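What follows is the content of run_23.pdb, which has PDB, C-alpha atoms, pLDDT in the B column:
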```pdb
ATOM      1  CA  MET A   1      38.286  80.362  47.366  1.00 60.00           C
ATOM      2  CA  GLU A   2      38.890  76.908  48.814  1.00 65.00           C
ATOM      3  CA  LYS A   3      35.977  74.480  48.698  1.00 74.00           C
ATOM      4  CA  LEU A   4      35.592  72.214  51.711  1.00 80.00           C
ATOM      5  CA  ASP A   5      35.698  68.456  51.223  1.00 83.00           C
ATOM      6  CA  THR A   6      33.683  65.905  53.209  1.00 87.00           C
ATOM      7  CA  LEU A   7      36.315  65.378  55.891  1.00 93.00           C
ATOM      8  CA  GLN A   8      36.623  69.138  56.405  1.00 91.00           C
ATOM      9  CA  LEU A   9      32.835  69.432  56.699  1.00 92.00           C
ATOM     10  CA  ILE A  10      32.727  66.708  59.355  1.00 94.00           C
ATOM     11  CA  ALA A  11      35.582  68.346  61.250  1.00 95.00           C
ATOM     12  CA  LEU A  12      33.979  71.790  60.914  1.00 94.00           C
ATOM     13  CA  ALA A  13      30.629  70.558  62.254  1.00 95.00           C
ATOM     14  CA  ALA A  14      32.351  68.958  65.254  1.00 96.00           C
ATOM     15  CA  ALA A  15      34.518  72.024  65.892  1.00 96.00           C
ATOM     16  CA  LEU A  16      31.556  74.406  65.691  1.00 96.00           C
ATOM     17  CA  GLY A  17      29.570  72.279  68.108  1.00 96.00           C
ATOM     18  CA  TRP A  18      32.374  72.075  70.659  1.00 97.00           C
ATOM     19  CA  ALA A  19      33.547  75.676  70.334  1.00 96.00           C
ATOM     20  CA  SER A  20      29.990  77.045  70.599  1.00 96.00           C
ATOM     21  CA  GLY A  21      29.821  75.717  74.138  1.00 95.00           C
ATOM     22  CA  ILE A  22      32.817  77.892  75.055  1.00 95.00           C
ATOM     23  CA  ARG A  23      32.705  81.029  72.881  1.00 95.00           C
ATOM     24  CA  LEU A  24      29.557  81.105  70.751  1.00 96.00           C
ATOM     25  CA  TYR A  25      29.939  84.671  69.492  1.00 97.00           C
ATOM     26  CA  ALA A  26      33.594  84.151  68.600  1.00 96.00           C
ATOM     27  CA  VAL A  27      32.533  81.137  66.532  1.00 96.00           C
ATOM     28  CA  LEU A  28      29.849  83.131  64.728  1.00 97.00           C
ATOM     29  CA  PHE A  29      32.193  86.031  64.003  1.00 97.00           C
ATOM     30  CA  ILE A  30      35.224  83.972  62.925  1.00 95.00           C
ATOM     31  CA  VAL A  31      33.231  81.754  60.561  1.00 95.00           C
ATOM     32  CA  GLY A  32      31.382  84.759  59.157  1.00 95.00           C
ATOM     33  CA  ALA A  33      34.629  86.690  58.663  1.00 95.00           C
ATOM     34  CA  LEU A  34      36.229  83.751  56.833  1.00 92.00           C
ATOM     35  CA  GLY A  35      33.272  83.666  54.448  1.00 91.00           C
ATOM     36  CA  TYR A  36      33.212  87.451  54.031  1.00 93.00           C
ATOM     37  CA  LEU A  37      36.928  87.554  53.177  1.00 91.00           C
ATOM     38  CA  GLY A  38      36.454  84.732  50.695  1.00 87.00           C
ATOM     39  CA  TRP A  39      39.052  82.441  52.246  1.00 86.00           C
ATOM     40  CA  PHE A  40      36.735  79.438  52.261  1.00 82.00           C
ATOM     41  CA  ASP A  41      33.592  78.439  50.400  1.00 84.00           C
ATOM     42  CA  LEU A  42      31.269  78.093  53.375  1.00 87.00           C
ATOM     43  CA  PRO A  43      28.343  75.654  53.293  1.00 89.00           C
ATOM     44  CA  GLU A  44      25.276  77.446  51.946  1.00 89.00           C
ATOM     45  CA  HIS A  45      23.428  77.511  55.259  1.00 91.00           C
ATOM     46  CA  LEU A  46      26.398  79.171  56.980  1.00 93.00           C
ATOM     47  CA  THR A  47      26.846  81.964  54.434  1.00 93.00           C
ATOM     48  CA  VAL A  48      24.334  84.119  56.333  1.00 95.00           C
ATOM     49  CA  LEU A  49      27.036  84.555  58.989  1.00 95.00           C
ATOM     50  CA  SER A  50      29.126  86.498  56.463  1.00 94.00           C
ATOM     51  CA  GLN A  51      26.450  89.136  55.866  1.00 95.00           C
ATOM     52  CA  PRO A  52      27.597  92.571  57.159  1.00 95.00           C
ATOM     53  CA  LEU A  53      24.599  92.963  59.493  1.00 97.00           C
ATOM     54  CA  VAL A  54      25.167  89.542  61.057  1.00 96.00           C
ATOM     55  CA  LEU A  55      28.914  90.170  61.265  1.00 96.00           C
ATOM     56  CA  GLY A  56      28.248  93.442  63.065  1.00 97.00           C
ATOM     57  CA  ALA A  57      25.909  91.769  65.562  1.00 97.00           C
ATOM     58  CA  SER A  58      28.237  88.829  66.256  1.00 97.00           C
ATOM     59  CA  GLY A  59      31.225  91.191  66.485  1.00 96.00           C
ATOM     60  CA  PHE A  60      29.454  93.356  69.038  1.00 97.00           C
ATOM     61  CA  MET A  61      28.472  90.348  71.151  1.00 97.00           C
ATOM     62  CA  LEU A  62      32.019  88.998  70.851  1.00 96.00           C
ATOM     63  CA  PHE A  63      33.286  92.319  72.238  1.00 96.00           C
ATOM     64  CA  VAL A  64      30.851  92.159  75.168  1.00 96.00           C
ATOM     65  CA  GLU A  65      31.612  88.507  75.930  1.00 95.00           C
ATOM     66  CA  PHE A  66      35.372  89.060  75.735  1.00 95.00           C
ATOM     67  CA  PHE A  67      35.282  91.462  78.673  1.00 94.00           C
ATOM     68  CA  ALA A  68      32.429  89.812  80.592  1.00 94.00           C
ATOM     69  CA  ASP A  69      34.377  86.548  80.611  1.00 93.00           C
ATOM     70  CA  LYS A  70      37.419  88.222  82.164  1.00 92.00           C
ATOM     71  CA  ILE A  71      35.590  89.409  85.317  1.00 91.00           C
ATOM     72  CA  PRO A  72      35.387  86.805  88.133  1.00 89.00           C
ATOM     73  CA  GLY A  73      31.777  86.189  89.089  1.00 87.00           C
ATOM     74  CA  VAL A  74      30.431  87.959  86.009  1.00 92.00           C
ATOM     75  CA  ASP A  75      31.785  85.124  83.877  1.00 91.00           C
ATOM     76  CA  THR A  76      29.786  82.578  85.900  1.00 88.00           C
ATOM     77  CA  LEU A  77      26.605  84.630  85.567  1.00 91.00           C
ATOM     78  CA  TRP A  78      27.300  84.933  81.839  1.00 94.00           C
ATOM     79  CA  ASP A  79      27.714  81.157  81.569  1.00 92.00           C
ATOM     80  CA  LEU A  80      24.473  80.532  83.450  1.00 90.00           C
ATOM     81  CA  ALA A  81      22.586  82.954  81.223  1.00 92.00           C
ATOM     82  CA  HIS A  82      23.918  81.221  78.097  1.00 94.00           C
ATOM     83  CA  THR A  83      23.120  77.658  79.131  1.00 91.00           C
ATOM     84  CA  LEU A  84      19.968  77.760  76.997  1.00 92.00           C
ATOM     85  CA  VAL A  85      21.736  79.577  74.147  1.00 95.00           C
ATOM     86  CA  ARG A  86      25.026  77.815  73.474  1.00 96.00           C
ATOM     87  CA  ILE A  87      23.734  74.243  73.319  1.00 96.00           C
ATOM     88  CA  PRO A  88      20.963  74.747  70.718  1.00 96.00           C
ATOM     89  CA  ALA A  89      23.246  77.128  68.801  1.00 96.00           C
ATOM     90  CA  GLY A  90      25.937  74.443  68.653  1.00 96.00           C
ATOM     91  CA  ALA A  91      23.379  71.963  67.349  1.00 96.00           C
ATOM     92  CA  ALA A  92      22.090  74.441  64.759  1.00 96.00           C
ATOM     93  CA  LEU A  93      25.558  75.379  63.513  1.00 96.00           C
ATOM     94  CA  ALA A  94      26.635  71.754  63.171  1.00 96.00           C
ATOM     95  CA  ALA A  95      23.408  70.941  61.323  1.00 96.00           C
ATOM     96  CA  SER A  96      23.904  73.950  59.032  1.00 95.00           C
ATOM     97  CA  VAL A  97      27.204  72.503  57.830  1.00 94.00           C
ATOM     98  CA  PHE A  98      25.205  69.643  56.279  1.00 93.00           C
ATOM     99  CA  GLY A  99      22.125  71.675  55.369  1.00 86.00           C
ATOM    100  CA  ASP A 100      22.339  70.541  51.734  1.00 84.00           C
ATOM    101  CA  SER A 101      22.877  66.879  52.623  1.00 86.00           C
ATOM    102  CA  PRO A 102      20.209  64.203  53.185  1.00 90.00           C
ATOM    103  CA  PRO A 103      18.100  64.804  56.328  1.00 91.00           C
ATOM    104  CA  ALA A 104      19.795  61.950  58.183  1.00 93.00           C
ATOM    105  CA  TRP A 105      23.147  63.760  57.962  1.00 92.00           C
ATOM    106  CA  THR A 106      21.616  67.011  59.164  1.00 94.00           C
ATOM    107  CA  VAL A 107      19.881  65.385  62.135  1.00 95.00           C
ATOM    108  CA  ALA A 108      22.983  63.396  63.063  1.00 95.00           C
ATOM    109  CA  ALA A 109      25.112  66.560  62.898  1.00 95.00           C
ATOM    110  CA  ALA A 110      22.620  68.407  65.111  1.00 96.00           C
ATOM    111  CA  ILE A 111      22.666  65.625  67.713  1.00 96.00           C
ATOM    112  CA  VAL A 112      26.465  65.443  67.804  1.00 96.00           C
ATOM    113  CA  GLY A 113      26.893  69.227  67.691  1.00 96.00           C
ATOM    114  CA  GLY A 114      24.440  69.808  70.522  1.00 96.00           C
ATOM    115  CA  THR A 115      26.039  67.091  72.645  1.00 95.00           C
ATOM    116  CA  LEU A 116      29.533  68.499  72.098  1.00 96.00           C
ATOM    117  CA  ALA A 117      28.310  72.013  72.921  1.00 96.00           C
ATOM    118  CA  ALA A 118      26.658  70.776  76.104  1.00 95.00           C
ATOM    119  CA  GLY A 119      29.792  68.948  77.221  1.00 94.00           C
ATOM    120  CA  SER A 120      32.140  71.869  76.605  1.00 95.00           C
ATOM    121  CA  HIS A 121      29.705  74.395  78.096  1.00 95.00           C
ATOM    122  CA  PHE A 122      29.199  72.549  81.375  1.00 92.00           C
ATOM    123  CA  ALA A 123      32.906  71.766  81.666  1.00 92.00           C
ATOM    124  CA  LYS A 124      33.781  75.431  81.086  1.00 93.00           C
ATOM    125  CA  ALA A 125      31.107  76.748  83.457  1.00 90.00           C
ATOM    126  CA  GLY A 126      32.054  74.321  86.239  1.00 88.00           C
ATOM    127  CA  ALA A 127      35.775  74.925  85.846  1.00 90.00           C
ATOM    128  CA  ARG A 128      35.346  78.701  85.900  1.00 88.00           C
ATOM    129  CA  MET A 129      33.156  78.479  89.004  1.00 86.00           C
ATOM    130  CA  ALA A 130      35.906  76.491  90.711  1.00 86.00           C
ATOM    131  CA  ILE A 131      38.580  78.961  89.574  1.00 87.00           C
ATOM    132  CA  ASN A 132      36.510  81.873  90.872  1.00 83.00           C
ATOM    133  CA  THR A 133      36.821  80.572  94.430  1.00 81.00           C
ATOM    134  CA  SER A 134      40.411  81.845  94.282  1.00 80.00           C
ATOM    135  CA  PRO A 135      40.657  85.483  95.428  1.00 77.00           C
ATOM    136  CA  GLU A 136      43.214  86.468  92.783  1.00 78.00           C
ATOM    137  CA  PRO A 137      42.000  87.227  89.218  1.00 80.00           C
ATOM    138  CA  PHE A 138      45.040  85.968  87.307  1.00 86.00           C
ATOM    139  CA  SER A 139      43.946  82.320  87.075  1.00 89.00           C
ATOM    140  CA  ASN A 140      40.582  83.528  85.747  1.00 88.00           C
ATOM    141  CA  TRP A 141      42.269  85.669  83.098  1.00 92.00           C
ATOM    142  CA  ALA A 142      44.590  82.826  82.089  1.00 92.00           C
ATOM    143  CA  ALA A 143      41.646  80.438  81.690  1.00 92.00           C
ATOM    144  CA  SER A 144      39.659  82.994  79.700  1.00 93.00           C
ATOM    145  CA  PHE A 145      42.496  83.820  77.289  1.00 95.00           C
ATOM    146  CA  GLY A 146      43.188  80.108  76.952  1.00 94.00           C
ATOM    147  CA  GLU A 147      39.577  79.519  75.910  1.00 93.00           C
ATOM    148  CA  ASP A 148      39.807  82.370  73.373  1.00 94.00           C
ATOM    149  CA  LEU A 149      42.888  80.754  71.852  1.00 95.00           C
ATOM    150  CA  LEU A 150      41.374  77.262  71.894  1.00 95.00           C
ATOM    151  CA  VAL A 151      38.347  78.320  69.849  1.00 95.00           C
ATOM    152  CA  GLY A 152      40.533  79.881  67.153  1.00 94.00           C
ATOM    153  CA  VAL A 153      42.809  76.838  67.038  1.00 95.00           C
ATOM    154  CA  LEU A 154      39.876  74.418  66.729  1.00 95.00           C
ATOM    155  CA  ILE A 155      38.353  76.278  63.799  1.00 94.00           C
ATOM    156  CA  TYR A 156      41.754  76.562  62.104  1.00 94.00           C
ATOM    157  CA  LEU A 157      42.432  72.836  62.511  1.00 95.00           C
ATOM    158  CA  ALA A 158      38.970  71.934  61.220  1.00 94.00           C
ATOM    159  CA  LEU A 159      39.620  73.817  57.985  1.00 91.00           C
ATOM    160  CA  ALA A 160      43.350  73.191  57.503  1.00 91.00           C
ATOM    161  CA  HIS A 161      44.029  69.887  59.289  1.00 94.00           C
ATOM    162  CA  PRO A 162      40.722  68.033  59.842  1.00 95.00           C
ATOM    163  CA  VAL A 163      42.335  64.786  60.994  1.00 96.00           C
ATOM    164  CA  ALA A 164      44.317  66.653  63.647  1.00 96.00           C
ATOM    165  CA  LEU A 165      41.109  68.404  64.735  1.00 96.00           C
ATOM    166  CA  LEU A 166      39.322  65.094  65.236  1.00 95.00           C
ATOM    167  CA  ILE A 167      42.229  63.768  67.310  1.00 96.00           C
ATOM    168  CA  VAL A 168      42.356  66.922  69.454  1.00 96.00           C
ATOM    169  CA  LEU A 169      38.586  66.839  69.882  1.00 95.00           C
ATOM    170  CA  ALA A 170      38.699  63.190  70.977  1.00 95.00           C
ATOM    171  CA  LEU A 171      41.259  64.121  73.641  1.00 96.00           C
ATOM    172  CA  LEU A 172      39.155  67.077  74.784  1.00 94.00           C
ATOM    173  CA  LEU A 173      36.081  64.869  74.961  1.00 92.00           C
ATOM    174  CA  ALA A 174      37.928  62.287  77.065  1.00 94.00           C
ATOM    175  CA  LEU A 175      39.138  65.061  79.374  1.00 92.00           C
ATOM    176  CA  THR A 176      35.585  66.372  79.680  1.00 91.00           C
ATOM    177  CA  ILE A 177      34.161  62.964  80.535  1.00 91.00           C
ATOM    178  CA  TRP A 178      36.811  62.612  83.256  1.00 92.00           C
ATOM    179  CA  LEU A 179      36.350  66.172  84.543  1.00 87.00           C
ATOM    180  CA  LEU A 180      32.563  66.616  84.608  1.00 86.00           C
ATOM    181  CA  PRO A 181      31.805  64.313  87.579  1.00 86.00           C
ATOM    182  CA  LYS A 182      34.469  66.083  89.661  1.00 85.00           C
ATOM    183  CA  LEU A 183      33.130  69.510  88.693  1.00 81.00           C
ATOM    184  CA  TRP A 184      29.589  68.399  89.485  1.00 79.00           C
ATOM    185  CA  ARG A 185      30.629  67.301  92.978  1.00 81.00           C
ATOM    186  CA  PHE A 186      32.342  70.653  93.501  1.00 74.00           C
ATOM    187  CA  VAL A 187      29.350  72.675  92.266  1.00 71.00           C
ATOM    188  CA  ARG A 188      26.912  70.620  94.335  1.00 76.00           C
ATOM    189  CA  GLY A 189      29.058  71.037  97.450  1.00 71.00           C
ATOM    190  CA  PHE A 190      29.408  74.770  96.802  1.00 60.00           C
ATOM    191  CA  ILE A 191      25.634  75.189  96.474  1.00 69.00           C
ATOM    192  CA  GLU A 192      25.053  73.138  99.633  1.00 72.00           C
ATOM    193  CA  ARG A 193      27.496  75.331 101.583  1.00 67.00           C
ATOM    194  CA  ILE A 194      25.709  78.468 100.428  1.00 65.00           C
ATOM    195  CA  ALA A 195      22.347  76.952 101.351  1.00 70.00           C
ATOM    196  CA  ARG A 196      23.627  76.041 104.823  1.00 70.00           C
ATOM    197  CA  TRP A 197      25.086  79.525 105.276  1.00 70.00           C
ATOM    198  CA  PHE A 198      21.787  81.185 104.397  1.00 67.00           C
ATOM    199  CA  GLY A 199      19.926  78.665 106.529  1.00 67.00           C
ATOM    200  CA  ALA A 200      22.090  79.598 109.498  1.00 54.00           C
ATOM    201  CA  THR A 201      21.981  83.341 108.834  1.00 53.00           C
ATOM    202  CA  TRP A 202      18.332  84.033 108.146  1.00 46.00           C
ATOM    203  CA  PRO A 203      16.900  82.497 111.373  1.00 48.00           C
ATOM    204  CA  ALA A 204      19.587  84.279 113.408  1.00 48.00           C
ATOM    205  CA  LYS A 205      18.568  87.598 111.914  1.00 49.00           C
ATOM    206  CA  ALA A 206      14.925  86.866 112.595  1.00 47.00           C
ATOM    207  CA  GLU A 207      15.631  85.915 116.219  1.00 49.00           C
ATOM    208  CA  SER A 208      17.673  89.105 116.793  1.00 50.00           C
ATOM    209  CA  ARG A 209      14.624  91.252 116.211  1.00 54.00           C
ATOM    210  CA  GLY A 210      12.703  92.412 119.252  1.00 49.00           C
ATOM    211  CA  PRO A 211       8.924  91.963 119.646  1.00 49.00           C
ATOM    212  CA  GLY A 212       8.303  95.560 118.693  1.00 51.00           C
ATOM    213  CA  ASP A 213      10.609  95.541 115.633  1.00 54.00           C
ATOM    214  CA  VAL A 214       9.006  95.919 112.241  1.00 46.00           C
TER     215      VAL A 214
END
```
As a first step, turn the structure in this file into structure tokens.
Amino acid sequence: MEKLDTLQLIALAAALGWASGIRLYAVLFIVGALGYLGWFDLPEHLTVLSQPLVLGASGFMLFVEFFADKIPGVDTLWDLAHTLVRIPAGAALAASVFGDSPPAWTVAAAIVGGTLAAGSHFAKAGARMAINTSPEPFSNWAASFGEDLLVGVLIYLALAHPVALLIVLALLLALTIWLLPKLWRFVRGFIERIARWFGATWPAKAESRGPGDV
């Protein structure tokens, strides 16, 4: 069983934070499976993920999320429902990597992990909302499978090539910083169009009713 060094722990905390914002249940299951199979000596506070009951729960939710994320519209609802789940989970997982370290390390890891999870979550949710405006489902499927692959690659790099992980994560973070304002303008415009549509529809329906209509 390979024991993780300090650089691997830093990379793992960053990878878990970022990946949790995209595929939380995949993160929980993959990390738990690695510990269960004995491939890596997980930090003590992450070993609970390798317990059979926890593995079963995370595996079931991974199965549900895998298919929910492939259905246009359902994926956006799924993202909205997990806004309050992925970000604190990313912070908790990153903090758990340094659970045996001094409190300052744990708090710092939680702050960074939560921030990374928030950035990746909002970028994913906004991008998928934009993709869902296309009537064909293939771009949605391509994005979803790409996200599945990205999570696995990030965790692999964190454990096997931590320096490469930090470089990749820096590039992803730069892309996110560039992308988020554009996605926010799109989402805001989309919501405003829906609001105007309802504002134009509801009064028209009300006016079409006769005086004796109920």
message = Just the number, please: distance in Å from atom CA of Tyr25 of chain A to atom CA of Ser58 of chain A, one decimal.
response = 5.5 Å
For Ile111 of chain A: contacts at 12 Å, only C-alpha atoms, fewer than 2 positions along chain excluded, given as a JSON list (two decimals) with C-alpha atoms, in the coordinates of the input:
```
[["chain", "number", "residue", "atom", "x", "y", "z"],
["A", 13, "ALA", "CA", 30.63, 70.56, 62.25],
["A", 14, "ALA", "CA", 32.35, 68.96, 65.25],
["A", 17, "GLY", "CA", 29.57, 72.28, 68.11],
["A", 87, "ILE", "CA", 23.73, 74.24, 73.32],
["A", 88, "PRO", "CA", 20.96, 74.75, 70.72],
["A", 89, "ALA", "CA", 23.25, 77.13, 68.80],
["A", 90, "GLY", "CA", 25.94, 74.44, 68.65],
["A", 91, "ALA", "CA", 23.38, 71.96, 67.35],
["A", 92, "ALA", "CA", 22.09, 74.44, 64.76],
["A", 93, "LEU", "CA", 25.56, 75.38, 63.51],
["A", 94, "ALA", "CA", 26.64, 71.75, 63.17],
["A", 95, "ALA", "CA", 23.41, 70.94, 61.32],
["A", 104, "ALA", "CA", 19.80, 61.95, 58.18],
["A", 105, "TRP", "CA", 23.15, 63.76, 57.96],
["A", 106, "THR", "CA", 21.62, 67.01, 59.16],
["A", 107, "VAL", "CA", 19.88, 65.39, 62.14],
["A", 108, "ALA", "CA", 22.98, 63.40, 63.06],
["A", 109, "ALA", "CA", 25.11, 66.56, 62.90],
["A", 113, "GLY", "CA", 26.89, 69.23, 67.69],
["A", 114, "GLY", "CA", 24.44, 69.81, 70.52],
["A", 115, "THR", "CA", 26.04, 67.09, 72.64],
["A", 116, "LEU", "CA", 29.53, 68.50, 72.10],
["A", 117, "ALA", "CA", 28.31, 72.01, 72.92],
["A", 118, "ALA", "CA", 26.66, 70.78, 76.10]]
```
ask   = What does the PyMOL selection byres ((chain A and resi 1-10) around 7) select in this file, as a ChimeraX atom specification?
value = /A:11-14,38-41,97,158-159,162
If the PyMOL selection byres ((chain A and resi 45) around 8) were run on this exact file, what residues would it hold? Put them as a PDB file with C-alpha atoms, in the frame of the given file.
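Contents of result_38.pdb, freshly written:
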```
ATOM      1  CA  PRO A  43      28.343  75.654  53.293  1.00 89.00           C
ATOM      2  CA  GLU A  44      25.276  77.446  51.946  1.00 89.00           C
ATOM      3  CA  LEU A  46      26.398  79.171  56.980  1.00 93.00           C
ATOM      4  CA  THR A  47      26.846  81.964  54.434  1.00 93.00           C
ATOM      5  CA  VAL A  48      24.334  84.119  56.333  1.00 95.00           C
ATOM      6  CA  SER A  96      23.904  73.950  59.032  1.00 95.00           C
ATOM      7  CA  VAL A  97      27.204  72.503  57.830  1.00 94.00           C
ATOM      8  CA  GLY A  99      22.125  71.675  55.369  1.00 86.00           C
ATOM      9  CA  ASP A 100      22.339  70.541  51.734  1.00 84.00           C
TER      10      ASP A 100
END
```
note = If you count only C-alpha atoms, the residue of A:Leu84, A:Ala19, A:Ala195, A:Leu53 closest to Leu172 of chain A turns out to be A:Ala19
key: Residue among A:Ala174, A:Leu150, A:Val187, A:Val54 lying closest to Ala125 of chain A, counting only C-alpha atoms   = A:Val187
